[in-house]
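**Q** So here's structure.pdb (PDB, C-alpha atoms and all ligand atoms).
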```
MODEL        1
ATOM      1  CA  MET A  12     -69.308 111.554   3.571
ATOM      2  CA  ARG A  13     -71.128 113.895   1.204
ATOM      3  CA  THR A  14     -69.446 117.225   0.506
ATOM      4  CA  SER A  15     -72.588 118.649  -1.101
ATOM      5  CA  PRO A  16     -76.094 118.338   0.361
ATOM      6  CA  ASN A  17     -79.112 116.456  -0.962
ATOM      7  CA  ILE A  18     -82.241 118.606  -0.975
ATOM      8  CA  ILE A  19     -85.827 117.552  -1.663
ATOM      9  CA  ILE A  20     -88.063 120.171  -3.255
ATOM     10  CA  THR A  21     -91.559 118.829  -2.790
ATOM     11  CA  GLY A  22     -95.155 120.045  -2.908
ATOM     12  CA  THR A  23     -98.437 119.657  -4.757
ATOM     13  CA  PRO A  24     -98.178 119.646  -8.576
ATOM     14  CA  GLY A  25     -98.112 123.215  -9.911
ATOM     15  CA  VAL A  26     -96.684 124.937  -6.814
ATOM     16  CA  GLY A  27     -93.360 125.631  -8.519
ATOM     17  CA  LYS A  28     -91.011 122.726  -7.718
ATOM     18  CA  THR A  29     -89.420 122.438 -11.163
ATOM     19  CA  THR A  30     -89.060 126.209 -11.490
ATOM     20  CA  HIS A  31     -87.180 126.318  -8.167
ATOM     21  CA  CYS A  32     -85.056 123.242  -8.968
ATOM     22  CA  GLU A  33     -83.975 124.472 -12.404
ATOM     23  CA  GLN A  34     -82.959 127.899 -11.139
ATOM     24  CA  LEU A  35     -81.206 126.469  -8.090
ATOM     25  CA  ALA A  36     -79.275 123.977 -10.212
ATOM     26  CA  SER A  37     -78.073 126.705 -12.520
ATOM     27  CA  SER A  38     -77.070 129.069  -9.687
ATOM     28  CA  THR A  39     -75.412 126.486  -7.412
ATOM     29  CA  GLY A  40     -74.042 123.828  -9.775
ATOM     30  CA  LEU A  41     -75.979 121.136  -7.906
ATOM     31  CA  THR A  42     -77.840 118.553  -9.997
ATOM     32  CA  HIS A  43     -81.557 118.832 -10.753
ATOM     33  CA  LEU A  44     -82.795 115.285 -10.176
ATOM     34  CA  ASN A  45     -86.127 115.318 -11.989
ATOM     35  CA  VAL A  46     -87.845 112.186 -10.673
ATOM     36  CA  ASN A  47     -90.436 112.279 -13.464
ATOM     37  CA  LYS A  48     -87.641 111.913 -16.009
ATOM     38  CA  VAL A  49     -85.835 109.202 -14.031
ATOM     39  CA  VAL A  50     -89.065 107.196 -13.790
ATOM     40  CA  LYS A  51     -89.473 107.287 -17.571
ATOM     41  CA  GLU A  52     -85.827 106.873 -18.546
ATOM     42  CA  ARG A  53     -84.952 104.150 -16.013
ATOM     43  CA  ASP A  54     -88.170 102.207 -16.477
ATOM     44  CA  CYS A  55     -89.520 102.677 -12.928
ATOM     45  CA  GLU A  56     -93.161 102.637 -14.008
ATOM     46  CA  ASP A  57     -95.499 100.143 -12.396
ATOM     47  CA  GLY A  58     -98.680 100.685 -14.408
ATOM     48  CA  PHE A  59    -100.960 103.622 -15.062
ATOM     49  CA  ASP A  60    -103.745 105.101 -12.934
ATOM     50  CA  ASP A  61    -106.474 105.764 -15.521
ATOM     51  CA  GLU A  62    -108.653 107.736 -13.131
ATOM     52  CA  LEU A  63    -105.874 110.110 -12.161
ATOM     53  CA  ASN A  64    -104.275 109.952 -15.598
ATOM     54  CA  SER A  65    -100.862 109.473 -14.033
ATOM     55  CA  VAL A  66     -98.093 106.895 -13.870
ATOM     56  CA  ILE A  67     -97.785 104.565 -10.866
ATOM     57  CA  VAL A  68     -94.165 104.518  -9.678
ATOM     58  CA  ASP A  69     -92.241 101.431  -8.578
ATOM     59  CA  GLU A  70     -90.521 103.088  -5.611
ATOM     60  CA  ASP A  71     -87.981 100.273  -5.047
ATOM     61  CA  LYS A  72     -86.817 100.527  -8.645
ATOM     62  CA  LEU A  73     -86.688 104.310  -8.381
ATOM     63  CA  LEU A  74     -84.557 104.170  -5.244
ATOM     64  CA  ASP A  75     -82.178 101.679  -6.874
ATOM     65  CA  ALA A  76     -81.920 103.998  -9.882
ATOM     66  CA  ILE A  77     -80.918 107.053  -7.838
ATOM     67  CA  GLU A  78     -79.040 105.434  -4.939
ATOM     68  CA  SER A  79     -75.560 106.212  -6.279
ATOM     69  CA  ASP A  80     -76.555 109.829  -7.040
ATOM     70  CA  LEU A  81     -77.814 110.274  -3.479
ATOM     71  CA  GLU A  82     -74.614 108.763  -2.094
ATOM     72  CA  ALA A  83     -72.548 111.179  -4.173
ATOM     73  CA  GLY A  84     -74.614 114.151  -2.855
ATOM     74  CA  GLY A  85     -75.452 117.478  -4.467
ATOM     75  CA  GLN A  86     -78.875 116.350  -5.693
ATOM     76  CA  ILE A  87     -81.908 118.632  -5.838
ATOM     77  CA  ILE A  88     -84.769 116.149  -5.890
ATOM     78  CA  ASP A  89     -87.886 117.350  -7.722
ATOM     79  CA  TRP A  90     -90.875 115.178  -6.741
ATOM     80  CA  HIS A  91     -94.402 115.449  -5.365
ATOM     81  CA  ALA A  92     -93.711 112.944  -2.594
ATOM     82  CA  CYS A  93     -90.874 112.725  -0.114
ATOM     83  CA  ASP A  94     -91.456 109.832   2.257
ATOM     84  CA  MET A  95     -89.689 107.204   0.138
ATOM     85  CA  PHE A  96     -86.182 108.671   0.369
ATOM     86  CA  PRO A  97     -83.901 107.341   3.152
ATOM     87  CA  GLN A  98     -83.678 109.891   5.981
ATOM     88  CA  SER A  99     -79.916 109.449   6.254
ATOM     89  CA  MET A 100     -79.481 110.649   2.652
ATOM     90  CA  ILE A 101     -81.498 113.871   2.962
ATOM     91  CA  ASP A 102     -80.182 117.152   4.370
ATOM     92  CA  LEU A 103     -83.041 119.581   3.658
ATOM     93  CA  VAL A 104     -86.713 119.214   2.675
ATOM     94  CA  VAL A 105     -88.324 122.271   1.111
ATOM     95  CA  VAL A 106     -92.122 122.115   0.896
ATOM     96  CA  VAL A 107     -93.220 124.639  -1.720
ATOM     97  CA  ARG A 108     -96.677 126.083  -1.040
ATOM     98  CA  CYS A 109     -99.099 128.072  -3.158
ATOM     99  CA  ASN A 110    -102.237 130.112  -2.632
ATOM    100  CA  SER A 111    -105.302 128.115  -3.780
ATOM    101  CA  THR A 112    -106.615 130.651  -6.277
ATOM    102  CA  VAL A 113    -103.212 130.935  -7.942
ATOM    103  CA  LEU A 114    -102.732 127.159  -7.931
ATOM    104  CA  TYR A 115    -106.181 126.574  -9.424
ATOM    105  CA  ASP A 116    -105.304 128.786 -12.394
ATOM    106  CA  ARG A 117    -101.927 127.088 -12.902
ATOM    107  CA  LEU A 118    -103.463 123.590 -12.872
ATOM    108  CA  LYS A 119    -106.385 124.609 -15.050
ATOM    109  CA  SER A 120    -103.978 125.961 -17.661
ATOM    110  CA  ARG A 121    -102.219 122.567 -17.640
ATOM    111  CA  GLY A 122    -105.478 121.041 -18.826
ATOM    112  CA  TYR A 123    -105.939 118.794 -15.774
ATOM    113  CA  SER A 124    -109.219 116.840 -15.597
ATOM    114  CA  ASP A 125    -111.729 118.024 -12.974
ATOM    115  CA  LYS A 126    -110.932 115.003 -10.809
ATOM    116  CA  LYS A 127    -107.177 115.531 -10.942
ATOM    117  CA  LEU A 128    -107.660 119.241 -10.342
ATOM    118  CA  ASP A 129    -109.905 118.656  -7.306
ATOM    119  CA  GLU A 130    -107.545 116.077  -5.814
ATOM    120  CA  ASN A 131    -104.558 118.371  -6.119
ATOM    121  CA  MET A 132    -106.436 121.393  -4.785
ATOM    122  CA  ASP A 133    -107.584 119.334  -1.781
ATOM    123  CA  ALA A 134    -104.027 118.095  -1.217
ATOM    124  CA  GLU A 135    -102.693 121.662  -1.132
ATOM    125  CA  ILE A 136    -105.451 122.967   1.139
ATOM    126  CA  MET A 137    -105.103 119.986   3.503
ATOM    127  CA  GLU A 138    -101.295 120.440   3.572
ATOM    128  CA  VAL A 139    -100.772 116.787   2.626
ATOM    129  CA  LEU A 140     -97.182 117.191   1.445
ATOM    130  CA  LEU A 141     -96.212 119.376   4.395
ATOM    131  CA  GLN A 142     -97.552 116.733   6.764
ATOM    132  CA  GLU A 143     -95.777 113.955   4.867
ATOM    133  CA  ALA A 144     -92.500 115.878   5.141
ATOM    134  CA  ARG A 145     -92.989 116.503   8.858
ATOM    135  CA  ASP A 146     -93.869 112.847   9.451
ATOM    136  CA  SER A 147     -90.859 111.583   7.514
ATOM    137  CA  TYR A 148     -87.988 113.891   8.541
ATOM    138  CA  ASP A 149     -86.653 115.751  11.592
ATOM    139  CA  GLU A 150     -88.560 118.992  11.959
ATOM    140  CA  GLU A 151     -85.329 121.052  11.870
ATOM    141  CA  ILE A 152     -84.712 120.102   8.237
ATOM    142  CA  VAL A 153     -88.247 120.744   6.930
ATOM    143  CA  VAL A 154     -88.875 124.242   5.557
ATOM    144  CA  GLU A 155     -92.118 125.600   4.089
ATOM    145  CA  LEU A 156     -91.726 128.270   1.377
ATOM    146  CA  GLN A 157     -94.481 130.197  -0.396
ATOM    147  CA  SER A 158     -94.432 130.450  -4.209
ATOM    148  CA  ASP A 159     -97.321 132.618  -5.420
ATOM    149  CA  ASP A 160     -95.301 135.182  -7.377
ATOM    150  CA  LEU A 161     -91.890 135.808  -8.915
ATOM    151  CA  ASP A 162     -90.583 137.860  -5.970
ATOM    152  CA  GLN A 163     -91.181 134.920  -3.687
ATOM    153  CA  ILE A 164     -89.181 132.653  -6.007
ATOM    154  CA  ASP A 165     -86.232 135.057  -5.734
ATOM    155  CA  GLU A 166     -86.512 135.178  -1.938
ATOM    156  CA  ASN A 167     -86.761 131.391  -1.711
ATOM    157  CA  LEU A 168     -83.783 130.833  -3.982
ATOM    158  CA  GLU A 169     -81.667 133.242  -1.963
ATOM    159  CA  ARG A 170     -82.582 131.457   1.270
ATOM    160  CA  ILE A 171     -81.781 128.025  -0.108
ATOM    161  CA  GLN A 172     -78.517 129.212  -1.683
ATOM    162  CA  THR A 173     -77.383 130.660   1.642
ATOM    163  CA  TRP A 174     -78.360 127.425   3.369
ATOM    164  CA  ILE A 175     -76.284 125.411   0.825
ATOM    165  CA  GLU A 176     -73.226 127.641   1.327
ATOM    166  CA  ASN A 177     -73.474 127.251   5.095
ATOM    167  CA  TRP A 178     -73.959 123.488   4.827
ATOM    168  CA  LYS A 179     -70.857 123.210   2.669
ATOM    169  CA  LYS A 180     -68.815 125.296   5.106
ATOM    170  CA  ASP A 181     -69.986 123.168   8.029
ATOM    171  CA  HIS A 182     -69.143 119.953   6.185
ATOM    172  CA  SER A 183     -65.766 120.875   4.715
ATOM    173  CA  GLU A 184     -62.697 119.222   6.208
TER     174      GLU A 184
HETATM  175  P1  LIG B   1     -94.360 121.966 -10.261
HETATM  176  O1  LIG B   1     -92.968 121.521 -10.663
HETATM  177  O2  LIG B   1     -94.524 122.051  -8.781
HETATM  178  O3  LIG B   1     -95.449 121.160 -10.897
HETATM  179  P2  LIG B   1     -93.780 124.253 -11.949
HETATM  180  O4  LIG B   1     -92.442 124.706 -11.507
HETATM  181  O5  LIG B   1     -93.861 123.444 -13.202
HETATM  182  O6  LIG B   1     -94.546 123.467 -10.779
HETATM  183  O7  LIG B   1     -94.695 125.561 -12.049
HETATM  184  C1  LIG B   1     -96.012 125.497 -12.571
HETATM  185  C2  LIG B   1     -96.280 126.767 -13.364
HETATM  186  O8  LIG B   1     -96.385 127.868 -12.498
HETATM  187  C3  LIG B   1     -95.204 127.126 -14.371
HETATM  188  O9  LIG B   1     -95.839 127.681 -15.491
HETATM  189  C4  LIG B   1     -94.370 128.174 -13.682
HETATM  190  C5  LIG B   1     -95.375 128.846 -12.777
HETATM  191  N1  LIG B   1     -94.839 129.279 -11.471
HETATM  192  C6  LIG B   1     -94.322 128.484 -10.518
HETATM  193  N2  LIG B   1     -93.987 129.192  -9.440
HETATM  194  C7  LIG B   1     -94.303 130.479  -9.711
HETATM  195  C8  LIG B   1     -94.207 131.703  -8.979
HETATM  196  N3  LIG B   1     -93.728 131.745  -7.723
HETATM  197  N4  LIG B   1     -94.617 132.840  -9.577
HETATM  198  C9  LIG B   1     -95.122 132.816 -10.845
HETATM  199  N5  LIG B   1     -95.246 131.680 -11.567
HETATM  200  C10 LIG B   1     -94.847 130.538 -11.019
ENDMDL
END
```
Would you mind giving the structure from this file in structure tokens?

**A**
Amino acid sequence: MRTSPNIIITGTPGVGKTTHCEQLASSTGLTHLNVNKVVKERDCEDGFDDELNSVIVDEDKLLDAIESDLEAGGQIIDWHACDMFPQSMIDLVVVVRCNSTVLYDRLKSRGYSDKKLDENMDAEIMEVLLQEARDSYDEEIVVELQSDDLDQIDENLERIQTWIENWKKDHSE
């Protein structure tokens, strides 16, 4: 049994996943599992999508690479998809959301191509990641948190930290 929870922080690129994960890892001692890094370091790439200018991930390889970490628990998973992780290994799914105008500016400043920018804007407006989370996990463990400004980050972090403390209390022997 895990003594520390596994949490997915998901959402459209640019909403603030990595910012949340880094701060949570430093305040809670849990591990920031940056899937982007794992994909590169553990050779989980399965080609390149030229149109989207992004790596195609071999999900089986990725799952093999992180299986022991998930079993150990205490992982904060930072990834723009959530349906590949086994339900039994996940305790909380946070879908980070962002206002379209704010998100547009963040993605533009990353130098995204028009196509990539449009696709991501559409995904956020159509709530693609929120729907994926709701389709893949029990609704009680899926939480939607807004991340337009710094105050909201603080509020979100406080909520998640409290949730982690309660989870640990509930799961201690
Ligand atoms: P993601 O990991 O979802 O791609 P990120 O954490 O890298 O997103 O954040 C993208 C940029 O936006 C980065 O420069 C930090 C900034 N940012 C994220 N959330 C924010 C917030 N709530 N308020 C202000 N800036 C934020």

**Q** Give the centre and edge lengths of an axis-aligned box, in Å to one decimal, that holds all listed atoms of ligand LIG 1 (chain B) with 8 Å on each side, as AutoDock Vina command-line options.

**A**
```
--center_x -94.4 --center_y 127.0 --center_z -11.6 --size_x 19.9 --size_y 27.7 --size_z 23.8
```

**Q** In terms of the shortest atom-to-atom distance over only C-alpha atoms, which of A:Asp69, A:Leu161, A:Asp181, A:Pro24 is closest to Glu135 (chain A)?

**A** A:Pro24

**Q** Selection in question (the file shown): the PyMOL selection byres (((not hetatm)) within 6 of (chain B and resi 1)). Which residues does it include, as a PyMOL selection string?

**A** chain A and resi 24-30+117+158-161+163-164

**Q** Report as a list in words the residues that result from applying the PyMOL selection byres (((chain A and resi 128) around 12) and not hetatm) to the structure here.

**A**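 Checked against the file, the PyMOL selection byres (((chain A and resi 128) around 12) and not hetatm) matches Thr23, Pro24, Gly25, Glu62, Leu63, Asn64, Ser111, Leu114, Tyr115, Asp116, Arg117, Leu118, Lys119, Ser120, Arg121, Gly122, Tyr123, Ser124, Asp125, Lys126, Lys127, Asp129, Glu130, Asn131, Met132, Asp133, Ala134 and Glu135 of chain A.
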
**Q** Between A:Asp54, A:Asp80, A:Asp71, A:Asp60, which residue has the minimum interatomic distance to Thr42 (chain A), considering only C-alpha atoms?

**A** A:Asp80

**Q** Just the number, please: distance in Å from CA of Gln86 (chain A) to CA of Ile18 (chain A), one decimal.

**A** 6.2 Å

**Q** Would you mind reading off the distance between CA of Ser38 (chain A) and CA of Trp174 (chain A), one decimal, in Å?

**A**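 Separating CA of Ser38 (chain A) from CA of Trp174 (chain A) is a distance of 13.2 Å.
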
**Q** For each of A:Gly22, A:Pro16, A:Ile67, A:Ala92, take the minimum atom-to-atom distance to Ile136 (chain A), counting all atoms listed in the file, then give the residue where this is smallest.

**A** A:Gly22

**Q** Using all atoms listed in the file, list the residues that have an atom at most 10 Å from (-69.8, 108.9, -0.6), coordinates as in the file, as a PyMOL selection string.

**A** chain A and resi 12-14+79-84

**Q** Just how far from CA of Leu168 (chain A) is CA of Leu35 (chain A), in Å to one decimal?

**A**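 A separation of 6.5 Å between them.
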
**Q** Using all atoms listed in the file for the distances, tell me which of A:Val104, A:Val68, A:Asp61, A:Ala36 is nearest to Val49 (chain A).

**A**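 The closest residue to Val49 (chain A) is A:Val68.
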
**Q** Let me know the residues the PyMOL selection byres (((chain A and resi 178) around 12) and not hetatm) catches in the file above, as number ranges by chain.

**A** A: 13-18, 85, 102-103, 152, 171-177, 179-183

**Q** Which residue out of A:Val154, A:Ile88, A:Cys55, A:Leu44 has the minimum interatomic distance to Asp75 (chain A) when all atoms listed in the file are used?

**A** A:Cys55

**Q** Please, could N, CA and C atoms be added to region 44-59 of chain A and the result written as a PDB file, in the coordinates of the input?

**A**
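What follows is the written file out.pdb:
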```
ATOM      1  N   LEU A  44     -82.386 116.680  -9.996  1.00  0.00           N
ATOM      2  CA  LEU A  44     -82.795 115.285 -10.176  1.00  0.00           C
ATOM      3  C   LEU A  44     -84.317 115.258 -10.386  1.00  0.00           C
ATOM      4  N   ASN A  45     -84.707 115.271 -11.642  1.00  0.00           N
ATOM      5  CA  ASN A  45     -86.127 115.318 -11.989  1.00  0.00           C
ATOM      6  C   ASN A  45     -86.682 113.890 -11.956  1.00  0.00           C
ATOM      7  N   VAL A  46     -87.397 113.567 -10.882  1.00  0.00           N
ATOM      8  CA  VAL A  46     -87.845 112.186 -10.673  1.00  0.00           C
ATOM      9  C   VAL A  46     -88.764 111.720 -11.801  1.00  0.00           C
ATOM     10  N   ASN A  47     -89.596 112.621 -12.323  1.00  0.00           N
ATOM     11  CA  ASN A  47     -90.436 112.279 -13.464  1.00  0.00           C
ATOM     12  C   ASN A  47     -89.618 111.689 -14.608  1.00  0.00           C
ATOM     13  N   LYS A  48     -88.510 112.353 -14.912  1.00  0.00           N
ATOM     14  CA  LYS A  48     -87.641 111.913 -16.009  1.00  0.00           C
ATOM     15  C   LYS A  48     -86.994 110.572 -15.676  1.00  0.00           C
ATOM     16  N   VAL A  49     -86.499 110.451 -14.430  1.00  0.00           N
ATOM     17  CA  VAL A  49     -85.835 109.202 -14.031  1.00  0.00           C
ATOM     18  C   VAL A  49     -86.812 108.037 -14.168  1.00  0.00           C
ATOM     19  N   VAL A  50     -88.057 108.256 -13.734  1.00  0.00           N
ATOM     20  CA  VAL A  50     -89.065 107.196 -13.790  1.00  0.00           C
ATOM     21  C   VAL A  50     -89.236 106.716 -15.234  1.00  0.00           C
ATOM     22  N   LYS A  51     -89.297 107.663 -16.161  1.00  0.00           N
ATOM     23  CA  LYS A  51     -89.473 107.287 -17.571  1.00  0.00           C
ATOM     24  C   LYS A  51     -88.206 106.653 -18.138  1.00  0.00           C
ATOM     25  N   GLU A  52     -87.065 107.322 -17.899  1.00  0.00           N
ATOM     26  CA  GLU A  52     -85.827 106.873 -18.546  1.00  0.00           C
ATOM     27  C   GLU A  52     -85.288 105.577 -17.957  1.00  0.00           C
ATOM     28  N   ARG A  53     -85.515 105.351 -16.655  1.00  0.00           N
ATOM     29  CA  ARG A  53     -84.952 104.150 -16.013  1.00  0.00           C
ATOM     30  C   ARG A  53     -86.008 103.076 -15.798  1.00  0.00           C
ATOM     31  N   ASP A  54     -87.150 103.251 -16.479  1.00  0.00           N
ATOM     32  CA  ASP A  54     -88.170 102.207 -16.477  1.00  0.00           C
ATOM     33  C   ASP A  54     -88.666 101.863 -15.065  1.00  0.00           C
ATOM     34  N   CYS A  55     -89.031 102.893 -14.302  1.00  0.00           N
ATOM     35  CA  CYS A  55     -89.520 102.677 -12.928  1.00  0.00           C
ATOM     36  C   CYS A  55     -91.043 102.780 -12.869  1.00  0.00           C
ATOM     37  N   GLU A  56     -91.697 102.547 -13.996  1.00  0.00           N
ATOM     38  CA  GLU A  56     -93.161 102.637 -14.008  1.00  0.00           C
ATOM     39  C   GLU A  56     -93.764 101.294 -13.614  1.00  0.00           C
ATOM     40  N   ASP A  57     -94.844 101.364 -12.853  1.00  0.00           N
ATOM     41  CA  ASP A  57     -95.499 100.143 -12.396  1.00  0.00           C
ATOM     42  C   ASP A  57     -96.996 100.254 -12.716  1.00  0.00           C
ATOM     43  N   GLY A  58     -97.288 100.574 -13.968  1.00  0.00           N
ATOM     44  CA  GLY A  58     -98.680 100.685 -14.408  1.00  0.00           C
ATOM     45  C   GLY A  58     -99.126 102.135 -14.522  1.00  0.00           C
ATOM     46  N   PHE A  59    -100.407 102.286 -14.828  1.00  0.00           N
ATOM     47  CA  PHE A  59    -100.960 103.622 -15.062  1.00  0.00           C
ATOM     48  C   PHE A  59    -102.296 103.741 -14.352  1.00  0.00           C
TER      49      PHE A  59
END
```
